[in-house]
$ cat start.txt   # compact mmCIF, C-alpha atoms
# COMPACT_ATOMS: atom_id res chain seq x y z
CA MET A 23 -25.05 48.62 21.43
CA THR A 24 -23.15 47.86 18.23
CA CYS A 25 -19.42 48.55 18.09
CA HIS A 26 -18.12 49.57 14.70
CA LEU A 27 -14.42 48.93 13.99
CA PRO A 28 -12.79 51.86 12.22
CA ALA A 29 -11.73 51.34 8.64
CA ARG A 30 -8.06 51.65 9.58
CA GLY A 31 -8.52 48.94 12.21
CA ILE A 32 -10.09 46.62 9.69
CA ALA A 33 -7.23 47.27 7.29
CA LEU A 34 -4.66 46.55 10.02
CA VAL A 35 -6.32 43.25 10.94
CA THR A 36 -6.49 42.29 7.26
CA VAL A 37 -2.80 43.07 6.80
CA LEU A 38 -1.90 41.04 9.87
CA TRP A 39 -3.89 38.09 8.56
CA LEU A 40 -2.19 38.38 5.18
CA ILE A 41 1.24 38.50 6.83
CA ALA A 42 0.40 35.42 8.88
CA LEU A 43 -0.87 33.60 5.77
CA LEU A 44 2.22 34.54 3.76
CA THR A 45 4.46 33.39 6.61
CA LEU A 46 2.63 30.08 6.74
CA LEU A 47 2.93 29.67 2.98
CA ALA A 48 6.61 30.56 3.05
CA THR A 49 7.26 28.05 5.83
CA SER A 50 5.38 25.36 3.89
CA VAL A 51 7.38 26.10 0.73
CA VAL A 52 10.66 25.87 2.66
CA THR A 53 9.57 22.58 4.26
CA ILE A 54 8.51 21.14 0.90
CA SER A 55 11.79 22.31 -0.66
CA LEU A 56 13.86 20.68 2.09
CA THR A 57 11.85 17.45 1.84
CA HIS A 58 12.16 17.44 -1.93
CA ARG A 59 15.89 18.09 -1.70
CA ARG A 60 16.36 15.23 0.76
CA THR A 61 14.30 12.94 -1.47
CA VAL A 62 16.36 13.86 -4.52
CA GLN A 63 19.57 13.44 -2.54
CA ARG A 64 18.55 9.99 -1.29
CA TYR A 65 17.57 8.98 -4.82
CA ALA A 66 20.91 10.21 -6.17
CA GLU A 67 22.81 8.32 -3.45
CA ALA A 68 20.84 5.13 -4.12
CA THR A 69 21.47 5.46 -7.87
CA GLN A 70 25.18 5.99 -7.28
CA ALA A 71 25.29 2.97 -4.94
CA ASP A 72 23.54 0.79 -7.55
CA SER A 73 26.02 1.95 -10.20
CA THR A 74 28.97 1.11 -7.94
CA ILE A 75 27.56 -2.32 -7.12
CA ASP A 76 26.84 -3.04 -10.80
CA SER A 77 30.48 -2.22 -11.53
CA ALA A 78 31.53 -4.74 -8.88
CA LEU A 79 29.31 -7.39 -10.45
CA ARG A 80 30.89 -6.77 -13.85
CA VAL A 81 34.40 -7.06 -12.41
CA VAL A 82 33.55 -10.41 -10.80
CA LEU A 83 32.00 -11.72 -14.02
CA LEU A 84 35.21 -10.76 -15.83
CA ARG A 85 37.24 -12.69 -13.29
CA LEU A 86 34.95 -15.69 -13.68
CA ILE A 87 35.64 -15.92 -17.40
CA ALA A 88 39.32 -14.87 -17.15
CA PRO A 89 40.73 -16.52 -14.01
CA SER A 90 44.15 -15.61 -12.73
CA GLU A 91 47.09 -17.97 -13.09
CA GLN A 92 47.30 -18.39 -9.32
CA GLY A 93 43.97 -20.17 -8.89
CA THR A 94 40.26 -19.59 -9.04
CA ALA A 95 38.36 -16.88 -10.83
CA TRP A 96 36.61 -16.09 -7.56
CA PRO A 97 36.19 -18.16 -4.37
CA LEU A 98 32.84 -19.91 -4.28
CA ASP A 99 30.44 -19.46 -1.38
CA GLN A 100 32.80 -17.10 0.43
CA THR A 101 32.15 -13.41 0.93
CA GLN A 102 35.08 -11.40 -0.39
CA GLY A 103 35.74 -7.66 -0.34
CA LEU A 104 36.18 -5.78 -3.60
CA SER A 105 37.19 -2.12 -3.81
CA ILE A 106 35.30 -0.12 -6.44
CA PHE A 107 35.62 3.68 -6.62
CA GLU A 108 37.07 3.61 -3.07
CA GLN A 109 33.98 1.78 -1.85
CA ASN A 110 34.22 -1.68 -0.28
CA ILE A 111 31.77 -4.11 -1.87
CA ALA A 112 31.04 -7.49 -0.27
CA VAL A 113 30.68 -10.09 -3.03
CA THR A 114 29.58 -13.72 -2.84
CA VAL A 115 29.49 -16.19 -5.75
CA GLN A 116 27.30 -19.27 -5.33
CA ARG A 117 26.40 -22.26 -7.47
CA GLU A 118 22.70 -22.12 -8.21
CA LEU A 119 22.66 -25.91 -7.97
CA GLY A 120 22.70 -25.40 -4.21
CA ARG A 121 19.07 -24.29 -4.42
CA VAL A 122 15.83 -26.18 -5.06
CA ASP A 123 14.30 -25.64 -8.49
CA LEU A 124 10.59 -24.90 -8.06
CA ASN A 125 9.79 -26.34 -11.47
CA SER A 126 11.81 -29.56 -11.18
CA ALA A 127 11.65 -30.61 -7.53
CA ASP A 128 9.21 -33.34 -6.61
CA SER A 129 6.68 -33.19 -3.79
CA ASP A 130 9.00 -34.91 -1.30
CA LEU A 131 11.81 -32.39 -1.76
CA LEU A 132 9.48 -29.41 -1.59
CA THR A 133 7.90 -30.83 1.55
CA ALA A 134 11.33 -31.29 3.11
CA VAL A 135 12.30 -27.66 2.47
CA PHE A 136 9.34 -26.36 4.43
CA ALA A 137 9.22 -29.07 7.11
CA ALA A 138 12.92 -28.75 7.88
CA ASN A 139 12.61 -25.00 8.26
CA GLY A 140 9.96 -24.65 10.92
CA TRP A 141 6.70 -25.70 9.24
CA ARG A 142 4.49 -28.46 10.57
CA GLU A 143 4.76 -31.47 8.26
CA LYS A 144 1.07 -31.29 7.40
CA ASP A 145 1.41 -27.64 6.36
CA ALA A 146 4.64 -28.39 4.50
CA ARG A 147 2.95 -31.12 2.44
CA SER A 148 0.03 -28.80 1.71
CA MET A 149 2.36 -26.05 0.50
CA ALA A 150 4.27 -28.52 -1.67
CA ALA A 151 0.98 -29.69 -3.21
CA ARG A 152 0.02 -26.11 -4.03
CA ILE A 153 3.33 -25.50 -5.79
CA ILE A 154 3.00 -28.73 -7.80
CA ASP A 155 -0.55 -27.73 -8.70
CA TRP A 156 0.48 -24.19 -9.65
CA ARG A 157 3.06 -25.40 -12.15
CA GLY A 158 1.00 -28.38 -13.36
CA PRO A 159 -0.39 -28.58 -16.91
CA ASP A 160 -3.94 -29.57 -15.91
CA ASP A 161 -6.82 -27.53 -14.53
CA GLU A 162 -7.17 -29.41 -11.27
CA THR A 163 -6.61 -27.24 -8.21
CA VAL A 164 -6.18 -28.10 -4.59
CA ALA A 165 -9.25 -27.39 -2.49
CA ASP A 166 -8.13 -24.16 -0.85
CA LEU A 167 -6.06 -22.64 -3.67
CA THR A 168 -8.12 -19.49 -4.15
CA TYR A 169 -5.66 -17.97 -6.61
CA GLY A 170 -6.36 -20.64 -9.20
CA SER A 171 -3.78 -22.67 -11.11
CA HIS A 172 -1.03 -21.16 -13.24
CA ASN A 173 -0.78 -24.29 -15.41
CA GLY A 174 2.84 -23.75 -16.37
CA PRO A 175 6.39 -23.41 -15.04
CA LEU A 176 7.17 -20.57 -12.67
CA GLU A 177 9.11 -17.89 -14.51
CA SER A 178 10.68 -16.48 -11.35
CA VAL A 179 10.91 -17.31 -7.65
CA ASP A 180 8.86 -14.18 -6.94
CA GLU A 181 5.92 -15.86 -8.68
CA LEU A 182 5.76 -18.18 -5.68
CA ARG A 183 4.28 -15.25 -3.76
CA GLN A 184 1.06 -15.72 -5.73
CA VAL A 185 0.51 -19.20 -4.30
CA LEU A 186 -1.79 -19.42 -1.32
CA GLY A 187 0.14 -19.70 1.95
CA SER A 188 3.34 -18.14 0.59
CA GLU A 189 2.94 -15.12 2.88
CA ARG A 190 4.39 -17.35 5.60
CA ILE A 191 7.64 -17.87 3.70
CA GLY A 192 10.48 -15.73 5.06
CA THR A 193 13.03 -13.95 2.87
CA ASP A 194 15.82 -16.42 3.68
CA LEU A 195 13.62 -19.37 2.78
CA PHE A 196 12.79 -17.74 -0.55
CA ASP A 197 16.55 -17.69 -1.10
CA ALA A 198 16.54 -21.51 -1.01
CA PHE A 199 14.64 -21.65 -4.31
CA THR A 200 15.49 -21.11 -7.97
CA VAL A 201 13.91 -21.59 -11.39
CA PHE A 202 17.13 -21.67 -13.41
CA THR A 203 18.84 -25.03 -12.86
CA HIS A 204 16.12 -27.43 -14.14
CA SER A 205 17.65 -29.99 -11.79
CA PRO A 206 15.45 -32.47 -9.86
CA GLY A 207 17.59 -32.00 -6.78
CA PRO A 208 20.30 -29.75 -5.33
CA VAL A 209 24.01 -30.54 -5.16
CA GLU A 210 24.72 -31.39 -1.54
CA SER A 211 28.15 -29.73 -1.38
CA ALA A 212 26.73 -26.43 -2.68
CA ALA A 213 23.45 -26.49 -0.74
CA ARG A 214 22.27 -23.33 0.97
CA PRO A 215 21.66 -23.61 4.76
CA ALA A 216 17.89 -24.06 4.41
CA VAL A 217 18.46 -26.67 1.69
CA LYS A 218 20.99 -28.54 3.83
CA ARG A 219 18.41 -28.77 6.60
CA ALA A 220 15.90 -30.09 4.07
CA LEU A 221 18.28 -32.80 2.84
CA GLU A 222 19.07 -33.83 6.41
CA TRP A 223 15.36 -33.92 7.29
CA ALA A 224 14.52 -36.03 4.23
CA ASP A 225 17.52 -38.33 4.75
CA ALA A 226 16.63 -39.00 8.39
CA ARG A 227 13.20 -40.20 7.25
CA GLN A 228 14.45 -41.81 4.02
CA LEU A 229 11.72 -39.86 2.32
CA GLY A 230 10.63 -41.46 -0.95
CA GLY A 231 12.36 -44.69 0.08
CA HIS A 232 15.93 -43.53 -0.54
CA ARG A 233 18.84 -41.67 1.04
CA TRP A 234 19.25 -37.96 0.39
CA LEU A 235 22.79 -37.44 1.63
CA SER A 236 25.96 -39.00 0.30
CA THR A 237 27.70 -41.56 2.48
CA SER A 238 30.82 -39.40 2.43
CA ARG A 239 30.25 -36.04 4.12
CA SER A 240 33.66 -34.57 3.24
CA GLY A 241 32.68 -32.63 0.13
CA GLY A 242 31.41 -29.43 1.72
CA SER A 243 34.14 -27.09 0.53
CA SER A 244 35.82 -29.13 -2.20
CA LEU A 245 34.31 -27.01 -4.93
CA SER A 246 35.66 -23.72 -3.60
CA GLY A 247 38.70 -24.02 -5.86
CA LEU A 248 36.94 -24.53 -9.19
CA SER A 249 37.72 -22.06 -11.96
CA GLY A 250 35.25 -20.50 -14.34
CA THR A 251 36.32 -23.02 -16.97
CA ALA A 252 35.47 -25.95 -14.70
CA LEU A 253 32.05 -24.41 -14.02
CA SER A 254 31.25 -23.96 -17.70
CA GLY A 255 27.57 -24.61 -18.32
CA GLU A 256 26.56 -23.98 -14.72
CA VAL A 257 24.33 -21.24 -13.37
CA LEU A 258 25.96 -18.97 -10.79
CA ARG A 259 24.47 -16.34 -8.51
CA VAL A 260 26.67 -13.31 -7.85
CA ARG A 261 25.54 -11.13 -4.94
CA ALA A 262 27.16 -7.77 -4.17
CA CYS A 263 26.36 -5.51 -1.21
CA LEU A 264 27.48 -2.02 -0.25
CA HIS A 265 27.12 -0.86 3.36
CA ASP A 266 26.63 2.90 3.38
CA GLN A 267 25.37 5.21 6.12
CA GLY A 268 23.94 2.36 8.16
CA MET A 269 22.11 0.83 5.19
CA ASP A 270 22.87 -2.15 2.96
CA HIS A 271 22.36 -1.84 -0.79
CA CYS A 272 22.45 -5.25 -2.49
CA ARG A 273 22.16 -6.40 -6.08
CA VAL A 274 22.29 -9.85 -7.58
CA ALA A 275 23.10 -11.26 -11.01
CA VAL A 276 22.15 -14.81 -11.99
CA ILE A 277 24.17 -15.98 -15.00
CA ARG A 278 25.11 -19.12 -16.88
CA LEU A 279 28.74 -19.57 -17.90
CA THR A 280 28.49 -20.67 -21.53
CA GLY A 281 32.14 -21.51 -22.24
CA ASN A 282 31.81 -19.47 -25.45
CA ARG A 283 34.56 -16.84 -25.66
CA LEU A 284 32.46 -14.57 -27.85
CA SER A 285 29.42 -14.75 -25.59
CA PRO A 286 30.80 -15.97 -22.25
CA PHE A 287 27.65 -15.77 -20.16
CA GLN A 288 23.90 -15.75 -20.37
CA ILE A 289 22.20 -13.35 -17.96
CA PHE A 290 18.95 -14.51 -16.36
CA GLU A 291 18.55 -11.85 -13.68
CA TRP A 292 20.20 -8.56 -12.77
CA ARG A 293 18.27 -6.78 -10.05
CA ALA A 294 18.10 -5.28 -6.60
CA ALA A 295 18.09 -7.89 -3.85
CA PRO A 296 16.76 -7.92 -0.30
CA THR A 297 19.19 -7.99 2.58
CA LEU A 298 19.28 -11.47 4.05
CA ALA A 299 19.42 -12.10 7.77
CA ASN A 300 22.27 -14.07 9.28
CA THR A 301 19.85 -16.80 10.28
CA SER A 302 16.85 -18.12 8.43
CA THR A 303 13.43 -16.91 9.45
CA TYR A 304 10.60 -19.36 9.33
CA SER A 305 7.03 -19.67 10.35
CA SER A 306 6.29 -22.36 12.88
CA GLY A 307 2.60 -22.50 11.94

$ encode --input "start.txt" --output "structure tokens"
Amino acid sequence: MTCHLPARGIALVTVLWLIALLTLLATSVVTISLTHRRTVQRYAEATQADSTIDSALRVVLLRLIAPSEQGTAWPLDQTQGLSIFEQNIAVTVQRELGRVDLNSADSDLLTAVFAANGWREKDARSMAARIIDWRGPDDETVADLTYGSHNGPLESVDELRQVLGSERIGTDLFDAFTVFTHSPGPVESAARPAVKRALEWADARQLGGHRWLSTSRSGGSSLSGLSGTALSGEVLRVRACLHDQGMDHCRVAVIRLTGNRLSPFQIFEWRAAPTLANTSTYSSG
């Protein structure tokens, strides 16, 4: 026996379905609106943080080229607080000569960086060979370099990520490299922690048949009092971080002090920067 639903019953069911659908749509719209508002708010906060940090970087650059009468333009290799728009910014100024230049370092130095920071020596030598090959002018490639050869200097440290095996390099170890100094070796007194370990590792083995550390080990902090004038011609890395709502926002500027009053510095990089751990991370392979 067939049961026929009255027309009014059909209409009621239809209305109920429409109400349910409209409620669902309304809920979805509210959810999307809240999500969109949070996204916009987070973007606005991040933009404001970047603007504040950029202001801090500019203040430090001004102090570097116009040092106070009392002493240095800014302490080197020491994190100092700087208040900008009632926000506390942690700023560190470092000599770029404390890093290893990927385009100038020889195979021994590159090997030491990796071997002293947790890599097996065999793997460290292989990685060094890939970097040398990547920047080399010829078309020869190491056997397992599937990315091919760049055949020219690296334009940035990030380009190292294109070399086979670089996925094993931690953020802090990336921080040991530069492409801006054009120096065959780092300055010991300004060396970053990972670079210091590399120099000690190479010196203990007299890699390349020579010593890597100076006989006098007293120069670690002697450069902390240099003014911007004394550092004229050098490349400096200025890092500024803002801690806000449990998150760190960091930006870095890499500049050369020219000594020219009309054009006091040359800017190589001005970008967001990853937050570095307190201790280096390395792959033990």

$ closest_residue --input "start.txt" --among "A:Leu221, A:Val276, A:Cys263, A:Ala33" --to "Asp72 (chain A)" --atoms "all atoms listed in the file"
A:Cys263

$ atom_distance --input "start.txt" --atom1 "CA of Gly268 (chain A)" --atom2 "CA of Asp194 (chain A)"
20.9 Å

$ residues_around --input "start.txt" --residues "Lys218 (chain A)" --least-positions-apart "3" --cutoff "10 Å" --atoms "only C-alpha atoms" --output "number ranges by chain"
A: 120-121, 135, 138, 198, 208-215, 221-224, 235

$ write_last_selection --input "start.txt" --atoms "C-alpha atoms" --output "mmCIF file, keeping the file's coordinate frame"
data_model
loop_
_atom_site.group_PDB
_atom_site.id
_atom_site.type_symbol
_atom_site.label_atom_id
_atom_site.label_comp_id
_atom_site.auth_asym_id
_atom_site.auth_seq_id
_atom_site.Cartn_x
_atom_site.Cartn_y
_atom_site.Cartn_z
ATOM 1 C CA GLY A 120 22.700 -25.400 -4.210
ATOM 2 C CA ARG A 121 19.070 -24.290 -4.420
ATOM 3 C CA VAL A 135 12.300 -27.660 2.470
ATOM 4 C CA ALA A 138 12.920 -28.750 7.880
ATOM 5 C CA ALA A 198 16.540 -21.510 -1.010
ATOM 6 C CA PRO A 208 20.300 -29.750 -5.330
ATOM 7 C CA VAL A 209 24.010 -30.540 -5.160
ATOM 8 C CA GLU A 210 24.720 -31.390 -1.540
ATOM 9 C CA SER A 211 28.150 -29.730 -1.380
ATOM 10 C CA ALA A 212 26.730 -26.430 -2.680
ATOM 11 C CA ALA A 213 23.450 -26.490 -0.740
ATOM 12 C CA ARG A 214 22.270 -23.330 0.970
ATOM 13 C CA PRO A 215 21.660 -23.610 4.760
ATOM 14 C CA LEU A 221 18.280 -32.800 2.840
ATOM 15 C CA GLU A 222 19.070 -33.830 6.410
ATOM 16 C CA TRP A 223 15.360 -33.920 7.290
ATOM 17 C CA ALA A 224 14.520 -36.030 4.230
ATOM 18 C CA LEU A 235 22.790 -37.440 1.630
#

$ residues_around --input "start.txt" --residues "Gly230 (chain A)" --least-positions-apart "6" --cutoff "12 Å" --atoms "all atoms listed in the file" --output "ChimeraX atom specification"
/A:128-131,133-134,224

$ closest_residue --input "start.txt" --among "A:Val260, A:Val179, A:Ile191, A:Val81" --to "Trp141 (chain A)" --atoms "only C-alpha atoms"
A:Ile191

$ closest_residue --input "start.txt" --among "A:Arg261, A:Arg233, A:Arg183, A:Arg157" --to "Leu104 (chain A)" --atoms "only C-alpha atoms"
A:Arg261

$ closest_residue --input "start.txt" --among "A:Ala226, A:Leu43, A:Ile106, A:Leu279" --to "Thr74 (chain A)" --atoms "only C-alpha atoms"
A:Ile106

$ residues_near_point --input "start.txt" --point "(18.6, -4.8, -0.3)" --cutoff "9 Å" --atoms "all atoms listed in the file" --output "PyMOL selection string"
chain A and resi 263+269-273+294-298

$ atom_distance --input "start.txt" --atom1 "CA of Arg142 (chain A)" --atom2 "CA of Gly174 (chain A)"
27.4 Å

$ residues_around --input "start.txt" --residues "Ala262 (chain A)" --least-positions-apart "3" --cutoff "7 Å" --atoms "all atoms listed in the file" --output "ChimeraX atom specification"
/A:75,79,111-114,272-274

$ atom_distance --input "start.txt" --atom1 "CA of Asp76 (chain A)" --atom2 "CA of Arg293 (chain A)"
9.4 Å

$ closest_residue --input "start.txt" --among "A:Gln228, A:Asn173, A:Ser126, A:Asn139" --to "Phe196 (chain A)" --atoms "all atoms listed in the file"
A:Asn139

$ residues_around --input "start.txt" --residues "Thr203 (chain A)" --least-positions-apart "5" --cutoff "12 Å" --atoms "only C-alpha atoms" --output "PyMOL selection string"
chain A and resi 117-127+178+208-209+255-259+276-278+290

$ closest_residue --input "start.txt" --among "A:Leu83, A:Pro175, A:Thr200, A:Thr280" --to "Gly158 (chain A)" --atoms "all atoms listed in the file"
A:Pro175

$ decode --input "start.txt" --residues "region 107-119 of chain A" --atoms "N, CA and C atoms" --output "JSON list (two decimals), in the first residue's frame"
[["chain", "number", "residue", "atom", "x", "y", "z"],
["A", 107, "PHE", "N", 59.60, 52.13, 19.46],
["A", 107, "PHE", "CA", 58.14, 52.19, 19.58],
["A", 107, "PHE", "C", 57.65, 51.35, 20.77],
["A", 108, "GLU", "N", 58.38, 51.48, 21.90],
["A", 108, "GLU", "CA", 58.06, 50.77, 23.14],
["A", 108, "GLU", "C", 58.16, 49.26, 23.01],
["A", 109, "GLN", "N", 58.88, 48.81, 22.00],
["A", 109, "GLN", "CA", 59.15, 47.39, 21.82],
["A", 109, "GLN", "C", 60.64, 47.16, 22.02],
["A", 110, "ASN", "N", 60.99, 46.07, 22.73],
["A", 110, "ASN", "CA", 62.39, 45.76, 22.96],
["A", 110, "ASN", "C", 62.92, 44.86, 21.85],
["A", 111, "ILE", "N", 63.90, 45.35, 21.13],
["A", 111, "ILE", "CA", 64.50, 44.61, 20.02],
["A", 111, "ILE", "C", 65.89, 44.14, 20.43],
["A", 112, "ALA", "N", 66.16, 42.85, 20.24],
["A", 112, "ALA", "CA", 67.49, 42.30, 20.52],
["A", 112, "ALA", "C", 68.33, 42.39, 19.26],
["A", 113, "VAL", "N", 69.45, 43.11, 19.34],
["A", 113, "VAL", "CA", 70.27, 43.38, 18.16],
["A", 113, "VAL", "C", 71.69, 42.85, 18.38],
["A", 114, "THR", "N", 72.23, 42.20, 17.35],
["A", 114, "THR", "CA", 73.60, 41.72, 17.38],
["A", 114, "THR", "C", 74.32, 42.15, 16.10],
["A", 115, "VAL", "N", 75.51, 42.72, 16.25],
["A", 115, "VAL", "CA", 76.33, 43.12, 15.11],
["A", 115, "VAL", "C", 77.55, 42.20, 15.06],
["A", 116, "GLN", "N", 77.77, 41.58, 13.92],
["A", 116, "GLN", "CA", 78.88, 40.65, 13.76],
["A", 116, "GLN", "C", 79.72, 41.01, 12.55],
["A", 117, "ARG", "N", 81.02, 40.71, 12.64],
["A", 117, "ARG", "CA", 81.89, 40.85, 11.47],
["A", 117, "ARG", "C", 81.67, 39.64, 10.57],
["A", 118, "GLU", "N", 81.40, 39.89, 9.32],
["A", 118, "GLU", "CA", 81.16, 38.78, 8.39],
["A", 118, "GLU", "C", 82.42, 37.96, 8.16],
["A", 119, "LEU", "N", 83.56, 38.52, 8.49],
["A", 119, "LEU", "CA", 84.83, 37.80, 8.36],
["A", 119, "LEU", "C", 84.92, 36.62, 9.34]]
